file run28.pdb (PDB, C-alpha atoms)
MODEL        1
ATOM      1  CA  MET F   1      -9.509  -1.855 -49.804
ATOM      2  CA  LYS F   2      -9.816  -5.211 -48.000
ATOM      3  CA  ARG F   3      -6.564  -4.506 -46.186
ATOM      4  CA  ASN F   4      -7.898  -1.169 -44.938
ATOM      5  CA  LYS F   5     -11.068  -2.834 -43.637
ATOM      6  CA  ALA F   6      -9.060  -5.555 -41.904
ATOM      7  CA  SER F   7      -6.721  -2.983 -40.371
ATOM      8  CA  PHE F   8      -9.661  -0.888 -39.208
ATOM      9  CA  PHE F   9     -11.356  -3.974 -37.693
ATOM     10  CA  MET F  10      -8.143  -4.927 -35.874
ATOM     11  CA  PHE F  11      -7.839  -1.355 -34.575
ATOM     12  CA  LEU F  12     -11.419  -1.442 -33.231
ATOM     13  CA  LEU F  13     -10.792  -4.840 -31.631
ATOM     14  CA  PHE F  14      -7.609  -3.537 -29.975
ATOM     15  CA  ILE F  15      -9.450  -0.481 -28.650
ATOM     16  CA  SER F  16     -12.262  -2.666 -27.283
ATOM     17  CA  VAL F  17      -9.871  -5.077 -25.545
ATOM     18  CA  SER F  18      -7.821  -2.183 -24.163
ATOM     19  CA  SER F  19     -10.960  -0.454 -22.857
ATOM     20  CA  PHE F  20     -12.189  -3.680 -21.246
ATOM     21  CA  ALA F  21      -8.796  -4.303 -19.604
ATOM     22  CA  GLN F  22      -8.673  -0.732 -18.308
ATOM     23  CA  SER F  23     -12.243  -0.996 -17.027
ATOM     24  CA  THR F  24     -11.497  -4.296 -15.253
ATOM     25  CA  ARG F  25      -8.328  -2.828 -13.738
ATOM     26  CA  GLU F  26     -10.169   0.286 -12.539
ATOM     27  CA  THR F  27     -12.950  -1.851 -11.057
ATOM     28  CA  ALA F  28     -10.418  -4.006  -9.186
ATOM     29  CA  GLN F  29      -8.657  -0.900  -7.896
ATOM     30  CA  SER F  30     -11.856   0.626  -6.569
ATOM     31  CA  GLN F  31     -12.880  -2.716  -5.022
ATOM     32  CA  ILE F  32      -9.646  -3.072  -3.037
ATOM     33  CA  VAL F  33      -9.920   0.485  -1.709
ATOM     34  CA  GLU F  34     -13.577  -0.092  -0.822
ATOM     35  CA  LEU F  35     -12.677  -3.314   0.995
ATOM     36  CA  LYS F  36      -9.848  -1.675   2.955
ATOM     37  CA  THR F  37     -12.221   0.943   4.355
ATOM     38  CA  GLY F  38     -15.231  -1.386   4.476
ATOM     39  CA  VAL F  39     -15.731  -4.974   5.571
ATOM     40  CA  LEU F  40     -15.410  -8.525   4.336
ATOM     41  CA  LEU F  41     -18.494 -10.665   4.876
ATOM     42  CA  VAL F  42     -17.548 -14.338   5.096
ATOM     43  CA  ARG F  43     -20.268 -16.826   4.210
ATOM     44  CA  LEU F  44     -20.566 -19.857   6.484
ATOM     45  CA  LYS F  45     -22.377 -22.912   5.172
ATOM     46  CA  THR F  46     -25.188 -24.570   7.144
ATOM     47  CA  SER F  47     -25.693 -27.824   5.179
ATOM     48  CA  GLU F  48     -29.424 -27.405   5.868
ATOM     49  CA  ASN F  49     -30.554 -29.180   2.697
ATOM     50  CA  TYR F  50     -28.354 -32.198   3.381
ATOM     51  CA  ILE F  51     -29.353 -32.324   7.058
ATOM     52  CA  ASN F  52     -33.063 -32.034   6.186
ATOM     53  CA  THR F  53     -32.718 -34.847   3.638
ATOM     54  CA  LEU F  54     -31.171 -37.078   6.309
ATOM     55  CA  LEU F  55     -33.973 -36.206   8.718
ATOM     56  CA  ARG F  56     -36.636 -37.016   6.088
ATOM     57  CA  GLN F  57     -34.932 -40.363   5.602
ATOM     58  CA  GLY F  58     -35.131 -40.959   9.351
ATOM     59  CA  ASP F  59     -31.382 -40.713   9.879
ATOM     60  CA  LYS F  60     -31.329 -38.521  13.001
ATOM     61  CA  LYS F  61     -27.845 -39.686  13.955
ATOM     62  CA  GLY F  62     -26.466 -38.867  10.491
ATOM     63  CA  ALA F  63     -28.183 -35.475  10.542
ATOM     64  CA  GLU F  64     -26.681 -34.638  13.925
ATOM     65  CA  GLU F  65     -23.229 -35.753  12.765
ATOM     66  CA  ALA F  66     -23.532 -33.555   9.660
ATOM     67  CA  ARG F  67     -24.671 -30.593  11.765
ATOM     68  CA  LEU F  68     -21.760 -31.025  14.181
ATOM     69  CA  GLN F  69     -19.258 -31.394  11.326
ATOM     70  CA  GLN F  70     -20.524 -28.193   9.664
ATOM     71  CA  GLU F  71     -20.450 -26.361  13.002
ATOM     72  CA  LYS F  72     -16.832 -27.490  13.523
ATOM     73  CA  GLU F  73     -15.844 -26.289  10.046
ATOM     74  CA  ASN F  74     -17.524 -22.919  10.617
ATOM     75  CA  LYS F  75     -15.674 -22.485  13.919
ATOM     76  CA  GLU F  76     -12.395 -23.271  12.120
ATOM     77  CA  ILE F  77     -13.150 -20.635   9.482
ATOM     78  CA  VAL F  78     -14.043 -17.976  12.060
ATOM     79  CA  ALA F  79     -10.918 -18.772  14.121
ATOM     80  CA  ALA F  80      -8.749 -18.612  10.993
ATOM     81  CA  PHE F  81     -10.013 -15.095  10.239
ATOM     82  CA  ARG F  82      -9.915 -13.947  13.862
ATOM     83  CA  ASP F  83      -6.285 -15.032  14.219
ATOM     84  CA  ASN F  84      -4.872 -14.301  10.739
ATOM     85  CA  PHE F  85      -6.787 -11.512   9.017
ATOM     86  CA  THR F  86      -6.000  -7.828   9.540
ATOM     87  CA  PHE F  87      -6.656  -6.231   6.155
ATOM     88  CA  CYS F  88     -10.125  -4.953   7.091
ATOM     89  CA  LYS F  89     -13.007  -5.636   9.441
ATOM     90  CA  VAL F  90     -14.615  -9.017   8.955
ATOM     91  CA  TYR F  91     -18.073 -10.302   9.792
ATOM     92  CA  PHE F  92     -19.701 -13.642   9.134
ATOM     93  CA  PHE F  93     -23.120 -14.753   7.949
ATOM     94  CA  TYR F  94     -24.854 -18.068   7.452
ATOM     95  CA  SER F  95     -25.620 -19.231   3.938
ATOM     96  CA  ARG F  96     -29.363 -19.222   4.725
ATOM     97  CA  TYR F  97     -29.101 -15.399   4.695
ATOM     98  CA  SER F  98     -27.319 -15.159   1.340
ATOM     99  CA  ASP F  99     -30.367 -13.616  -0.355
ATOM    100  CA  LYS F 100     -30.671 -10.983   2.392
ATOM    101  CA  ILE F 101     -26.985 -10.083   2.067
ATOM    102  CA  LYS F 102     -27.248  -9.980  -1.729
ATOM    103  CA  ALA F 103     -30.201  -7.583  -1.318
ATOM    104  CA  GLY F 104     -28.002  -5.316   0.850
ATOM    105  CA  LYS F 105     -29.766  -6.183   4.118
ATOM    106  CA  VAL F 106     -26.815  -6.894   6.389
ATOM    107  CA  LYS F 107     -28.126  -5.459   9.635
ATOM    108  CA  GLY F 108     -29.145  -8.285  11.953
ATOM    109  CA  TYR F 109     -27.862 -11.022   9.614
ATOM    110  CA  ILE F 110     -24.136 -10.796  10.277
ATOM    111  CA  MET F 111     -22.095 -11.989  13.264
ATOM    112  CA  ASN F 112     -18.779 -11.175  14.848
ATOM    113  CA  ALA F 113     -16.011 -13.701  15.604
ATOM    114  CA  ASN F 114     -17.839 -14.731  18.784
ATOM    115  CA  PHE F 115     -20.908 -15.781  16.751
ATOM    116  CA  GLU F 116     -22.848 -12.864  18.247
ATOM    117  CA  LYS F 117     -25.291 -11.060  15.955
ATOM    118  CA  ASP F 118     -24.131  -7.598  15.005
ATOM    119  CA  THR F 119     -26.915  -5.065  14.702
ATOM    120  CA  LEU F 120     -24.713  -1.973  14.463
ATOM    121  CA  TYR F 121     -23.090  -2.377  11.047
ATOM    122  CA  ASN F 122     -25.348  -1.239   8.260
ATOM    123  CA  GLY F 123     -22.775  -0.114   5.732
ATOM    124  CA  THR F 124     -22.690  -0.657   2.007
ATOM    125  CA  ASP F 125     -18.927  -1.000   1.504
ATOM    126  CA  TYR F 126     -18.355  -4.724   1.613
ATOM    127  CA  LEU F 127     -17.287  -7.707  -0.395
ATOM    128  CA  ILE F 128     -18.304 -11.317   0.170
ATOM    129  CA  GLY F 129     -16.026 -14.320   0.466
ATOM    130  CA  ASP F 130     -16.466 -18.007   1.005
ATOM    131  CA  PHE F 131     -14.781 -21.354   0.644
ATOM    132  CA  GLY F 132     -15.870 -23.188  -2.458
ATOM    133  CA  GLU F 133     -15.158 -23.633  -6.161
ATOM    134  CA  SER F 134     -14.205 -20.803  -8.488
ATOM    135  CA  GLU F 135     -16.707 -20.261 -11.298
ATOM    136  CA  THR F 136     -13.986 -19.455 -13.804
ATOM    137  CA  THR F 137     -11.099 -21.744 -12.859
ATOM    138  CA  LYS F 138     -13.061 -24.602 -11.192
ATOM    139  CA  LEU F 139     -10.366 -24.629  -8.476
ATOM    140  CA  GLN F 140     -11.211 -25.036  -4.788
ATOM    141  CA  GLY F 141     -10.266 -22.273  -2.363
ATOM    142  CA  PHE F 142     -11.432 -19.006  -0.855
ATOM    143  CA  ILE F 143     -13.307 -16.958  -3.449
ATOM    144  CA  MET F 144     -13.990 -13.221  -3.312
ATOM    145  CA  LYS F 145     -17.265 -11.872  -4.689
ATOM    146  CA  ASN F 146     -19.018  -8.538  -5.039
ATOM    147  CA  LYS F 147     -22.252  -7.550  -3.276
ATOM    148  CA  ASN F 148     -24.272  -9.462  -5.876
ATOM    149  CA  SER F 149     -22.296 -12.657  -5.154
ATOM    150  CA  GLU F 150     -20.568 -12.415  -8.546
ATOM    151  CA  GLN F 151     -16.994 -13.637  -8.531
ATOM    152  CA  LEU F 152     -14.455 -10.838  -8.824
ATOM    153  CA  LYS F 153     -12.014 -10.713 -11.713
ATOM    154  CA  SER F 154      -8.276 -10.389 -12.043
ATOM    155  CA  PRO F 155      -6.241  -8.309 -11.277
ATOM    156  CA  PHE F 156      -8.121  -8.420  -7.945
ATOM    157  CA  PRO F 157      -6.791 -11.394  -5.947
ATOM    158  CA  PHE F 158     -10.175 -13.115  -6.078
ATOM    159  CA  LEU F 159      -9.015 -16.702  -5.434
ATOM    160  CA  ILE F 160      -6.723 -18.192  -2.832
ATOM    161  CA  LYS F 161      -6.330 -21.806  -3.897
ATOM    162  CA  LEU F 162      -6.792 -24.700  -1.506
ATOM    163  CA  ASN F 163      -3.876 -26.546  -3.079
ATOM    164  CA  ARG F 164      -0.519 -24.819  -3.207
ATOM    165  CA  ASN F 165       1.478 -25.728  -6.311
ATOM    166  CA  GLY F 166      -1.415 -27.980  -7.320
ATOM    167  CA  VAL F 167      -0.464 -30.603  -4.732
ATOM    168  CA  ILE F 168      -0.141 -29.511  -1.104
ATOM    169  CA  GLU F 169      -3.473 -28.819   0.579
ATOM    170  CA  ARG F 170      -3.443 -25.757   2.806
ATOM    171  CA  SER F 171      -5.226 -25.409   6.116
ATOM    172  CA  LYS F 172      -7.875 -22.727   6.627
ATOM    173  CA  PRO F 173      -5.412 -20.543   8.617
ATOM    174  CA  GLU F 174      -2.846 -20.844   5.803
ATOM    175  CA  ILE F 175      -5.434 -19.828   3.212
ATOM    176  CA  VAL F 176      -6.531 -16.831   5.306
ATOM    177  CA  GLN F 177      -2.895 -15.791   5.843
ATOM    178  CA  ALA F 178      -2.328 -15.972   2.087
ATOM    179  CA  LEU F 179      -5.516 -13.957   1.462
ATOM    180  CA  ASN F 180      -4.411 -11.288   3.933
ATOM    181  CA  LYS F 181      -0.985 -11.069   2.280
ATOM    182  CA  GLU F 182      -2.433 -10.899  -1.264
ATOM    183  CA  LEU F 183      -4.917  -8.175  -0.313
ATOM    184  CA  PHE F 184      -2.230  -6.045   1.357
ATOM    185  CA  SER F 185       0.084  -6.539  -1.624
ATOM    186  CA  PHE F 186      -2.585  -5.532  -4.159
ATOM    187  CA  TYR F 187      -3.661  -2.565  -2.034
ATOM    188  CA  THR F 188      -0.049  -1.351  -1.788
ATOM    189  CA  HIS F 189       0.376  -1.799  -5.549
ATOM    190  CA  VAL F 190      -2.794   0.217  -6.234
ATOM    191  CA  THR F 191      -2.365   3.007  -3.680
ATOM    192  CA  GLY F 192       1.378   3.113  -3.071
ATOM    193  CA  LYS F 193       0.653   2.923   0.686
TER     194      LYS F 193
ENDMDL
END
call {"tool": "encode", "arguments": {"input": "run28.pdb", "output": "structure tokens"}}
result
Amino acid sequence: MKRNKASFFMFLLFISVSSFAQSTRETAQSQIVELKTGVLLVRLKTSENYINTLLRQGDKKGAEEARLQQEKENKEIVAAFRDNFTFCKVYFFYSRYSDKIKAGKVKGYIMNANFEKDTLYNGTDYLIGDFGESETTKLQGFIMKNKNSEQLKSPFPFLIKLNRNGVIERSKPEIVQALNKELFSFYTHVTGK
């Protein structure tokens, strides 16, 4: 009798894991198709909290240096996407608008590669990406998220690591090239196109 209960429990566990894996796979497949026909919204940091702290401390020079450094990094990110990303349309938004984007209010909060506000796009087919730390792996890189800013899951290529082979740090253009390649590869695997 105990053996039958254990076998039944193992069967239920197997069914649950199989269903979860299938559900995750189907979600990833629909996300890649949605992204191909939609847009990628890339989050650009502003360092506002850090800059405001420096200003409160009376460090105007430090605040200006931090602002200029963040502006330089954002320009590098935009240039990397402009020059190396062809999988889908891409727009950018500042981190101060993260709550608006999460609420689905993209119109007027996104920019093109020339840092010009875009007021035409008002679609709902988009994913979000930004440079940072993965919630699950704690690795640095470019992380893909859904509309609610929740990190995507494998088999979707949700993370392009900053360090290749754990040692060599990649440039922003190299990371974007790798992202573009991974997205095309996954899309081809899913759709056969």
call {"tool": "atom_distance", "arguments": {"input": "run28.pdb", "atom1": "CA of Lys72 in chain F", "atom2": "CA of Thr137 in chain F"}}
result
27.6 Å
call {"tool": "residues_around", "arguments": {"input": "run28.pdb", "residues": "Lys193 in chain F", "least_positions_apart": "3", "cutoff": "12 Å", "atoms": "all atoms listed in the file", "output": "PyMOL selection string"}}
result
chain F and resi 33+36+184-190
call {"tool": "closest_atom_pairs", "arguments": {"input": "run28.pdb", "of": "range 16-83 of chain F", "to": "range 157-171 of chain F", "cutoff": "12 Å", "atoms": "only C-alpha atoms", "output": "tab-separated table"}}
result
residue	atom	partner	partner_atom	distance
F:Arg25	CA	F:Pro157	CA	11.7
F:Ala28	CA	F:Pro157	CA	8.8
F:Gln29	CA	F:Pro157	CA	10.8
F:Gln31	CA	F:Pro157	CA	10.6
F:Ile32	CA	F:Pro157	CA	9.3
F:Glu73	CA	F:Ser171	CA	11.4
F:Glu76	CA	F:Ser171	CA	9.6
F:Ile77	CA	F:Ser171	CA	9.8
F:Ala79	CA	F:Ser171	CA	11.9
F:Ala80	CA	F:Ser171	CA	9.1
call {"tool": "closest_residue", "arguments": {"input": "run28.pdb", "among": "F:Ala113, F:Ser149, F:Asn122, F:Leu68", "to": "Phe85 in chain F", "atoms": "only C-alpha atoms"}}
result
F:Ala113
call {"tool": "closest_residue", "arguments": {"input": "run28.pdb", "among": "F:Val42, F:Leu120, F:Ile128, F:Ala103", "to": "Arg82 in chain F", "atoms": "all atoms listed in the file"}}
result
F:Val42
call {"tool": "atom_distance", "arguments": {"input": "run28.pdb", "atom1": "CA of Tyr126 in chain F", "atom2": "CA of Thr86 in chain F"}}
result
15.0 Å
call {"tool": "atom_distance", "arguments": {"input": "run28.pdb", "atom1": "CA of Tyr97 in chain F", "atom2": "CA of Leu127 in chain F"}}
result
15.0 Å
call {"tool": "closest_residue", "arguments": {"input": "run28.pdb", "among": "F:Lys107, F:Lys45, F:Arg67, F:Lys102", "to": "Glu150 in chain F", "atoms": "all atoms listed in the file"}}
result
F:Lys102
call {"tool": "resolve_selection", "arguments": {"input": "run28.pdb", "expression": "the PyMOL selection byres ((chain F and resi 140) around 8)", "output": "list in words"}}
result
Phe131, Gly132, Glu133, Ser134, Lys138, Leu139, Gly141, Phe142, Lys161, Leu162 and Asn163 of chain F
call {"tool": "residues_around", "arguments": {"input": "run28.pdb", "residues": "Tyr121 in chain F", "least_positions_apart": "4", "cutoff": "9 Å", "atoms": "all atoms listed in the file", "output": "VMD selection string"}}
result
chain F and resid 106 to 108 110
